[in-house]
Amino acid sequence: MSSPARAGRGGVRSRRSAIDVAVVGTADPVSRAVLRALVVAAARGHAVPGAPGAQSRVGTVVAVDTERPSVGGVDFRYADPADPALVTALAGVHAAVYVAASTNLEQDLALGARVRRERSLRRAQTVVTAAAAAGVRHLVVVTGAQVYGALPDNPVPLEDDAPLRAPSDEGQVGDLMDVEQLVAVAREVHPGMRTTVVRPAALVGDGVDTVTTRHFEAPRLLSVRGADAAWQFCHVDDLGSAVAAVVACAIEGAVAVGAPGHLTQADLERLTGMRSVELSMGAAMGTADRLHRVGVLPAPASDLAFVAFPWAVSSHTLLGHGWVPVHDNETCLGVLLDAIRGSHAVAARRLDRKDAALGAASAAVALVGTAAIMRRRRRKGASA
């Protein structure tokens with residue numbers, strides 16, 4: 001493994017210094033995409049062709065987990081990302097990357113909200129502490145653009161330094177908010193370690209399973225009356241190259257990443273060929289809250305905001321460092337639709353074909369179907 005790169009005045013590395021990078025936890029599609037991008041960067045001798053300013057050359061790429069990933073060109077070190085012994089596996093590396101964003105909704109639902117939250121916090125805290133103890137100079141943590149919150153007054157697009165306004169509830173977005181807080185504390189507690197949070201838009205790619213991808217498994221799209229959604233996606237390969245740029249260019253702070261621009265609800269209907277079912281926000285939220293409390297909906301009602309209001313990002317910082325995404329939003333949507341073909345979900349809960357057909361007959365998603373049935377019954381009762 002190469003020797004640590006010497007820092008120049010002000011902590012800026014020399015233009016061609018080499019850095020060895022570890023990816024902690026490699027079982028998920030995002031981490032594997034990051035590994036692939038780093039391997040490509042190492043082979044090319046740079047991460048961002050044509051990027052302005054000083055860059056470092058990516059040297060050895062290290063995969064840290066309990067199983068070797070199916071990515072070639074990496075060194076493998078055995079360690080559990082949730083075990084404090086992780087510090088040994090990080091010895092000698094200059095930068096470490098940890099993906100806190102989950103792309104395995106099936107596993108998360110099986111764990112339950114409390115266990116999932118505890119697991120997320122334990123792993124993130126272990127990674128932060130081990131990286132600092134091992135002398136890692138740069139820690140990169142991938143969360144999600146959902147932490148900005150989806151609100152009707154959000155500008156389109158949101159800038160990297162926009163305030164974090166997502167609710168810190170029991171949902172997966174709350175998990176990411178807690179991780180963001182851990183990183184913020186780490187900046188104060190470990191001032192010698194550069195920290196960066198990378199916040200991707202809705203992720204797509206092979207193996208990605210999230211509340212967002214399952215939104216498109218329903219027979220119809222939910223639309224909220226009077227709301228202007230701005231749909232933006234991020235392919236895992238573009239996220240991988242973005243993380244490689246963050247490492248090579250020593251970008252610090254917070255960076256958002258997504259395909260350029262966004263799609264409207266009308267764009268979704270045109271591109272998917274799916275019809276929408278419209279509810280008022282009050283009816284949707286009220287029904288969703290009741291169904292979540294009785295266990296029908298796996299996500300809290302607050303997650304409805306992410307299909308109703310905008311949370312698209314600008315990727316301004318990354319673009320300024322020469323990063324260029326390969327996939328646009330239409331391509332990403334096509335990748336998502338290919339990945340979910342044959343799967344059916346009602347309100348993010350997977351169903352078999354028979355159950356999915358029942359969901360379609362009652363308005364395509366559980367909360368919409370329930371609200372529609374309740375309204376019809378009230379009208380019939382009033383006319384009897």
# chains A, B, ... in the order shown; residues from 1 in each chain; ligands from 1
>>> select_by_dssp(residues="segment 44-224 of chain A", states="strand (DSSP E or B)", output="ChimeraX atom specification")
/A:57-65,75-78,95-99,104,138-142,158,194-200,202-204,209,221-224
>>> write_last_selection(atoms="N, CA, C and O atoms", output="compact mmCIF listing (two decimals), in the first residue's frame")
# COMPACT_ATOMS: atom_id res chain seq x y z
N ARG A 57 -4.56 11.25 -7.27
CA ARG A 57 -4.71 10.00 -8.00
C ARG A 57 -5.20 8.93 -7.05
O ARG A 57 -4.67 8.77 -5.96
N VAL A 58 -6.24 8.20 -7.44
CA VAL A 58 -6.72 7.10 -6.63
C VAL A 58 -5.74 5.94 -6.74
O VAL A 58 -5.38 5.51 -7.84
N GLY A 59 -5.27 5.46 -5.59
CA GLY A 59 -4.32 4.36 -5.58
C GLY A 59 -5.01 3.04 -5.37
O GLY A 59 -5.85 2.61 -6.16
N THR A 60 -4.73 2.37 -4.27
CA THR A 60 -5.34 1.08 -3.95
C THR A 60 -6.78 1.27 -3.51
O THR A 60 -7.09 2.17 -2.73
N VAL A 61 -7.66 0.41 -4.01
CA VAL A 61 -9.07 0.42 -3.62
C VAL A 61 -9.31 -0.80 -2.73
O VAL A 61 -9.04 -1.93 -3.13
N VAL A 62 -9.81 -0.56 -1.52
CA VAL A 62 -9.97 -1.61 -0.52
C VAL A 62 -11.45 -1.82 -0.23
O VAL A 62 -12.19 -0.87 0.03
N ALA A 63 -11.89 -3.07 -0.29
CA ALA A 63 -13.26 -3.43 0.07
C ALA A 63 -13.25 -4.04 1.47
O ALA A 63 -12.51 -4.99 1.73
N VAL A 64 -14.06 -3.48 2.36
CA VAL A 64 -14.10 -3.94 3.75
C VAL A 64 -15.49 -4.48 4.08
O VAL A 64 -16.47 -3.74 4.05
N ASP A 65 -15.56 -5.77 4.36
CA ASP A 65 -16.85 -6.38 4.72
C ASP A 65 -16.57 -7.80 5.20
O ASP A 65 -15.41 -8.22 5.28
N ASP A 75 -8.54 -4.74 -3.25
CA ASP A 75 -8.01 -5.50 -2.12
C ASP A 75 -9.16 -5.76 -1.14
O ASP A 75 -10.00 -4.88 -0.94
N PHE A 76 -9.18 -6.93 -0.55
CA PHE A 76 -10.26 -7.27 0.38
C PHE A 76 -9.71 -7.39 1.79
O PHE A 76 -8.68 -8.03 2.02
N ARG A 77 -10.42 -6.76 2.73
CA ARG A 77 -10.09 -6.89 4.15
C ARG A 77 -11.35 -7.30 4.90
O ARG A 77 -12.39 -6.65 4.78
N TYR A 78 -11.22 -8.34 5.67
CA TYR A 78 -12.38 -8.86 6.40
C TYR A 78 -12.63 -8.03 7.66
O TYR A 78 -11.73 -7.85 8.50
N ALA A 95 -8.63 7.56 2.69
CA ALA A 95 -10.03 7.95 2.61
C ALA A 95 -10.91 6.72 2.78
O ALA A 95 -10.52 5.60 2.42
N ALA A 96 -12.09 6.92 3.36
CA ALA A 96 -13.04 5.82 3.54
C ALA A 96 -14.42 6.30 3.10
O ALA A 96 -14.80 7.46 3.31
N VAL A 97 -15.16 5.39 2.48
CA VAL A 97 -16.51 5.68 2.00
C VAL A 97 -17.48 4.73 2.69
O VAL A 97 -17.23 3.51 2.75
N TYR A 98 -18.59 5.27 3.19
CA TYR A 98 -19.62 4.44 3.82
C TYR A 98 -20.98 4.85 3.28
O TYR A 98 -21.34 6.03 3.28
N VAL A 99 -21.75 3.89 2.80
CA VAL A 99 -23.09 4.15 2.27
C VAL A 99 -24.11 3.88 3.37
O VAL A 99 -24.35 2.72 3.74
N ASN A 104 -32.42 -1.80 0.31
CA ASN A 104 -32.99 -3.13 0.51
C ASN A 104 -34.22 -3.00 1.39
O ASN A 104 -34.19 -3.30 2.58
N HIS A 138 -10.06 11.44 5.23
CA HIS A 138 -11.29 11.91 4.58
C HIS A 138 -12.34 10.81 4.68
O HIS A 138 -12.15 9.70 4.17
N LEU A 139 -13.46 11.12 5.33
CA LEU A 139 -14.57 10.18 5.44
C LEU A 139 -15.74 10.70 4.61
O LEU A 139 -16.19 11.83 4.79
N VAL A 140 -16.22 9.86 3.70
CA VAL A 140 -17.34 10.20 2.83
C VAL A 140 -18.53 9.32 3.20
O VAL A 140 -18.40 8.09 3.18
N VAL A 141 -19.66 9.93 3.55
CA VAL A 141 -20.86 9.18 3.94
C VAL A 141 -21.98 9.50 2.97
O VAL A 141 -22.30 10.68 2.75
N VAL A 142 -22.57 8.47 2.39
CA VAL A 142 -23.67 8.65 1.44
C VAL A 142 -24.99 8.53 2.18
O VAL A 142 -25.29 7.49 2.78
N LEU A 158 -32.88 22.39 -5.43
CA LEU A 158 -32.26 22.71 -4.15
C LEU A 158 -30.74 22.76 -4.30
O LEU A 158 -30.15 21.93 -5.00
N ARG A 194 -11.34 15.18 7.46
CA ARG A 194 -12.27 15.82 6.54
C ARG A 194 -13.52 14.94 6.41
O ARG A 194 -13.42 13.72 6.27
N THR A 195 -14.70 15.55 6.43
CA THR A 195 -15.94 14.78 6.30
C THR A 195 -16.80 15.36 5.18
O THR A 195 -16.87 16.58 5.01
N THR A 196 -17.44 14.46 4.45
CA THR A 196 -18.32 14.87 3.36
C THR A 196 -19.56 13.99 3.38
O THR A 196 -19.46 12.77 3.54
N VAL A 197 -20.72 14.60 3.23
CA VAL A 197 -21.95 13.83 3.02
C VAL A 197 -22.37 14.00 1.57
O VAL A 197 -22.38 15.12 1.04
N VAL A 198 -22.69 12.88 0.93
CA VAL A 198 -23.15 12.87 -0.45
C VAL A 198 -24.63 12.50 -0.43
O VAL A 198 -25.01 11.47 0.13
N ARG A 199 -25.47 13.35 -1.05
CA ARG A 199 -26.92 13.19 -0.96
C ARG A 199 -27.52 12.96 -2.35
O ARG A 199 -27.82 13.91 -3.07
N PRO A 200 -27.70 11.70 -2.72
CA PRO A 200 -28.25 11.42 -4.05
C PRO A 200 -29.76 11.56 -4.10
O PRO A 200 -30.46 11.39 -3.09
N ALA A 202 -33.43 10.14 -5.89
CA ALA A 202 -34.00 8.79 -5.82
C ALA A 202 -33.16 7.81 -6.64
O ALA A 202 -32.98 7.99 -7.84
N LEU A 203 -32.65 6.79 -5.98
CA LEU A 203 -31.69 5.88 -6.60
C LEU A 203 -32.38 4.85 -7.49
O LEU A 203 -33.45 4.34 -7.17
N VAL A 204 -31.72 4.54 -8.60
CA VAL A 204 -32.16 3.47 -9.49
C VAL A 204 -30.95 2.65 -9.89
O VAL A 204 -29.82 3.12 -9.86
N ASP A 209 -34.04 -1.46 -4.23
CA ASP A 209 -35.41 -1.67 -3.77
C ASP A 209 -35.69 -0.65 -2.68
O ASP A 209 -35.16 -0.76 -1.56
N LEU A 221 -50.43 5.46 -10.45
CA LEU A 221 -49.59 6.42 -9.75
C LEU A 221 -50.44 7.31 -8.85
O LEU A 221 -51.49 7.79 -9.26
N LEU A 222 -49.98 7.52 -7.65
CA LEU A 222 -50.66 8.43 -6.74
C LEU A 222 -50.33 9.87 -7.11
O LEU A 222 -49.17 10.22 -7.32
N SER A 223 -51.34 10.69 -7.19
CA SER A 223 -51.17 12.12 -7.46
C SER A 223 -51.90 12.89 -6.37
O SER A 223 -53.03 12.53 -6.00
N VAL A 224 -51.27 13.93 -5.85
CA VAL A 224 -51.87 14.74 -4.80
C VAL A 224 -52.37 16.05 -5.40
O VAL A 224 -51.61 16.78 -6.04
>>> residues_around(residues="Leu176 of chain A", least_positions_apart="2", cutoff="9 Å", atoms="only C-alpha atoms", output="list in words")
Ala100, Ala101, Ser120, Thr143, Gly144, Gln146, Val147, Ser168, Gln172, Val173, Gly174, Asp178, Val179, Glu180 and Gln181 of chain A
>>> closest_atom_pairs(of="segment 188-258 of chain A", to="segment 298-314 of chain A", cutoff="6 Å", atoms="only C-alpha atoms", output="tab-separated table")
residue	atom	partner	partner_atom	distance
A:Val224	CA	A:Ala308	CA	5.8
A:Ala227	CA	A:Ala308	CA	5.6
A:Asp228	CA	A:Phe309	CA	5.7
A:Ala229	CA	A:Phe309	CA	4.5
A:Ala230	CA	A:Pro310	CA	4.6
A:Gln232	CA	A:Ala312	CA	5.6
>>> write_last_selection(atoms="C-alpha atoms", output="PDB file, in the first residue's frame")
ATOM      1  CA  VAL A 224     -51.871  14.740  -4.800  1.00  0.00           C
ATOM      2  CA  ALA A 227     -49.138  19.631  -5.509  1.00  0.00           C
ATOM      3  CA  ASP A 228     -46.334  20.073  -8.032  1.00  0.00           C
ATOM      4  CA  ALA A 229     -43.978  17.122  -7.806  1.00  0.00           C
ATOM      5  CA  ALA A 230     -40.486  17.280  -9.306  1.00  0.00           C
ATOM      6  CA  GLN A 232     -35.440  13.359 -10.089  1.00  0.00           C
TER       7      GLN A 232
END
>>> atom_distance(atom1="atom CA of Thr331 of chain A", atom2="atom CA of Pro152 of chain A")
26.2 Å
>>> residues_around(residues="Arg123 of chain A", least_positions_apart="3", cutoff="8 Å", atoms="only C-alpha atoms", output="list in words")
Pro81, Ala82, Asp83, Arg119, Ser120, Thr126 and Val127 of chain A
>>> write_last_selection(atoms="all heavy atoms", output="short mmCIF file (atom, residue, chain, number, x, y, z; two decimals), in the first residue's frame")
data_model
loop_
_atom_site.label_atom_id
_atom_site.label_comp_id
_atom_site.auth_asym_id
_atom_site.auth_seq_id
_atom_site.Cartn_x
_atom_site.Cartn_y
_atom_site.Cartn_z
N PRO A 81 -18.65 -4.09 9.50
CA PRO A 81 -18.75 -2.63 9.62
C PRO A 81 -19.34 -2.15 10.94
O PRO A 81 -19.17 -0.99 11.30
CB PRO A 81 -19.68 -2.27 8.45
CG PRO A 81 -19.50 -3.36 7.46
CD PRO A 81 -19.29 -4.60 8.28
N ALA A 82 -20.02 -3.04 11.67
CA ALA A 82 -20.61 -2.65 12.96
C ALA A 82 -19.74 -3.03 14.14
O ALA A 82 -20.12 -2.80 15.29
CB ALA A 82 -22.00 -3.28 13.11
N ASP A 83 -18.56 -3.60 13.89
CA ASP A 83 -17.67 -4.06 14.95
C ASP A 83 -16.54 -3.06 15.13
O ASP A 83 -15.90 -2.65 14.15
CB ASP A 83 -17.09 -5.43 14.58
CG ASP A 83 -16.33 -6.09 15.71
OD1 ASP A 83 -15.70 -5.37 16.51
OD2 ASP A 83 -16.35 -7.33 15.79
N ARG A 119 -29.68 -0.48 14.15
CA ARG A 119 -28.63 -1.04 13.27
C ARG A 119 -27.97 0.06 12.46
O ARG A 119 -26.73 0.12 12.33
CB ARG A 119 -29.24 -2.08 12.35
CG ARG A 119 -28.27 -2.76 11.40
CD ARG A 119 -29.00 -3.81 10.58
NE ARG A 119 -28.11 -4.54 9.70
CZ ARG A 119 -27.84 -4.18 8.44
NH1 ARG A 119 -28.41 -3.08 7.95
NH2 ARG A 119 -27.02 -4.88 7.69
N SER A 120 -28.76 0.98 11.92
CA SER A 120 -28.23 2.07 11.12
C SER A 120 -27.30 2.96 11.94
O SER A 120 -26.19 3.30 11.50
CB SER A 120 -29.39 2.89 10.55
OG SER A 120 -28.92 4.07 9.93
N THR A 126 -19.94 3.36 14.38
CA THR A 126 -18.73 2.54 14.36
C THR A 126 -17.80 2.98 13.25
O THR A 126 -16.58 3.08 13.44
CB THR A 126 -19.09 1.05 14.20
OG1 THR A 126 -19.94 0.65 15.27
CG2 THR A 126 -17.84 0.18 14.18
N VAL A 127 -18.35 3.25 12.09
CA VAL A 127 -17.52 3.68 10.95
C VAL A 127 -16.85 5.01 11.27
O VAL A 127 -15.64 5.17 11.03
CB VAL A 127 -18.38 3.79 9.67
CG1 VAL A 127 -17.58 4.46 8.56
CG2 VAL A 127 -18.85 2.42 9.22
#
>>> closest_residue(among="A:Asp238, A:Asp328, A:Glu159, A:Asp169", to="Arg117 of chain A", atoms="only C-alpha atoms")
A:Asp169
>>> select_by_dssp(residues="segment 246-279 of chain A", states="alpha helix (DSSP H)", output="ChimeraX atom specification")
/A:246-248,265-272
>>> write_last_selection(atoms="N, CA, C and O atoms", output="mmCIF file, in the first residue's frame")
data_model
loop_
_atom_site.group_PDB
_atom_site.id
_atom_site.type_symbol
_atom_site.label_atom_id
_atom_site.label_comp_id
_atom_site.auth_asym_id
_atom_site.auth_seq_id
_atom_site.Cartn_x
_atom_site.Cartn_y
_atom_site.Cartn_z
ATOM 1 N N VAL A 246 -15.538 13.180 -5.405
ATOM 2 C CA VAL A 246 -15.430 13.754 -4.056
ATOM 3 C C VAL A 246 -14.100 13.369 -3.426
ATOM 4 O O VAL A 246 -13.416 14.200 -2.813
ATOM 5 N N VAL A 247 -13.728 12.107 -3.596
ATOM 6 C CA VAL A 247 -12.467 11.625 -3.014
ATOM 7 C C VAL A 247 -11.270 12.259 -3.706
ATOM 8 O O VAL A 247 -10.353 12.787 -3.063
ATOM 9 N N ALA A 248 -11.252 12.215 -5.029
ATOM 10 C CA ALA A 248 -10.085 12.694 -5.775
ATOM 11 C C ALA A 248 -9.897 14.194 -5.658
ATOM 12 O O ALA A 248 -8.760 14.686 -5.624
ATOM 13 N N GLN A 265 -45.271 15.201 -12.998
ATOM 14 C CA GLN A 265 -46.231 14.105 -12.914
ATOM 15 C C GLN A 265 -46.734 13.732 -14.306
ATOM 16 O O GLN A 265 -46.888 12.547 -14.625
ATOM 17 N N ALA A 266 -46.968 14.735 -15.155
ATOM 18 C CA ALA A 266 -47.400 14.457 -16.525
ATOM 19 C C ALA A 266 -46.339 13.690 -17.291
ATOM 20 O O ALA A 266 -46.657 12.791 -18.084
ATOM 21 N N ASP A 267 -45.075 14.037 -17.070
ATOM 22 C CA ASP A 267 -43.978 13.293 -17.707
ATOM 23 C C ASP A 267 -44.012 11.828 -17.278
ATOM 24 O O ASP A 267 -43.826 10.921 -18.104
ATOM 25 N N LEU A 268 -44.227 11.580 -15.982
ATOM 26 C CA LEU A 268 -44.275 10.206 -15.490
ATOM 27 C C LEU A 268 -45.378 9.416 -16.172
ATOM 28 O O LEU A 268 -45.169 8.272 -16.601
ATOM 29 N N GLU A 269 -46.545 10.000 -16.256
ATOM 30 C CA GLU A 269 -47.667 9.298 -16.862
ATOM 31 C C GLU A 269 -47.397 9.008 -18.339
ATOM 32 O O GLU A 269 -47.713 7.922 -18.845
ATOM 33 N N ARG A 270 -46.785 9.967 -19.031
ATOM 34 C CA ARG A 270 -46.466 9.775 -20.443
ATOM 35 C C ARG A 270 -45.406 8.700 -20.648
ATOM 36 O O ARG A 270 -45.539 7.835 -21.519
ATOM 37 N N LEU A 271 -44.366 8.727 -19.839
ATOM 38 C CA LEU A 271 -43.250 7.802 -20.020
ATOM 39 C C LEU A 271 -43.551 6.392 -19.531
ATOM 40 O O LEU A 271 -43.025 5.418 -20.068
ATOM 41 N N THR A 272 -44.376 6.287 -18.497
ATOM 42 C CA THR A 272 -44.690 4.965 -17.947
ATOM 43 C C THR A 272 -45.935 4.355 -18.568
ATOM 44 O O THR A 272 -46.127 3.139 -18.503
#
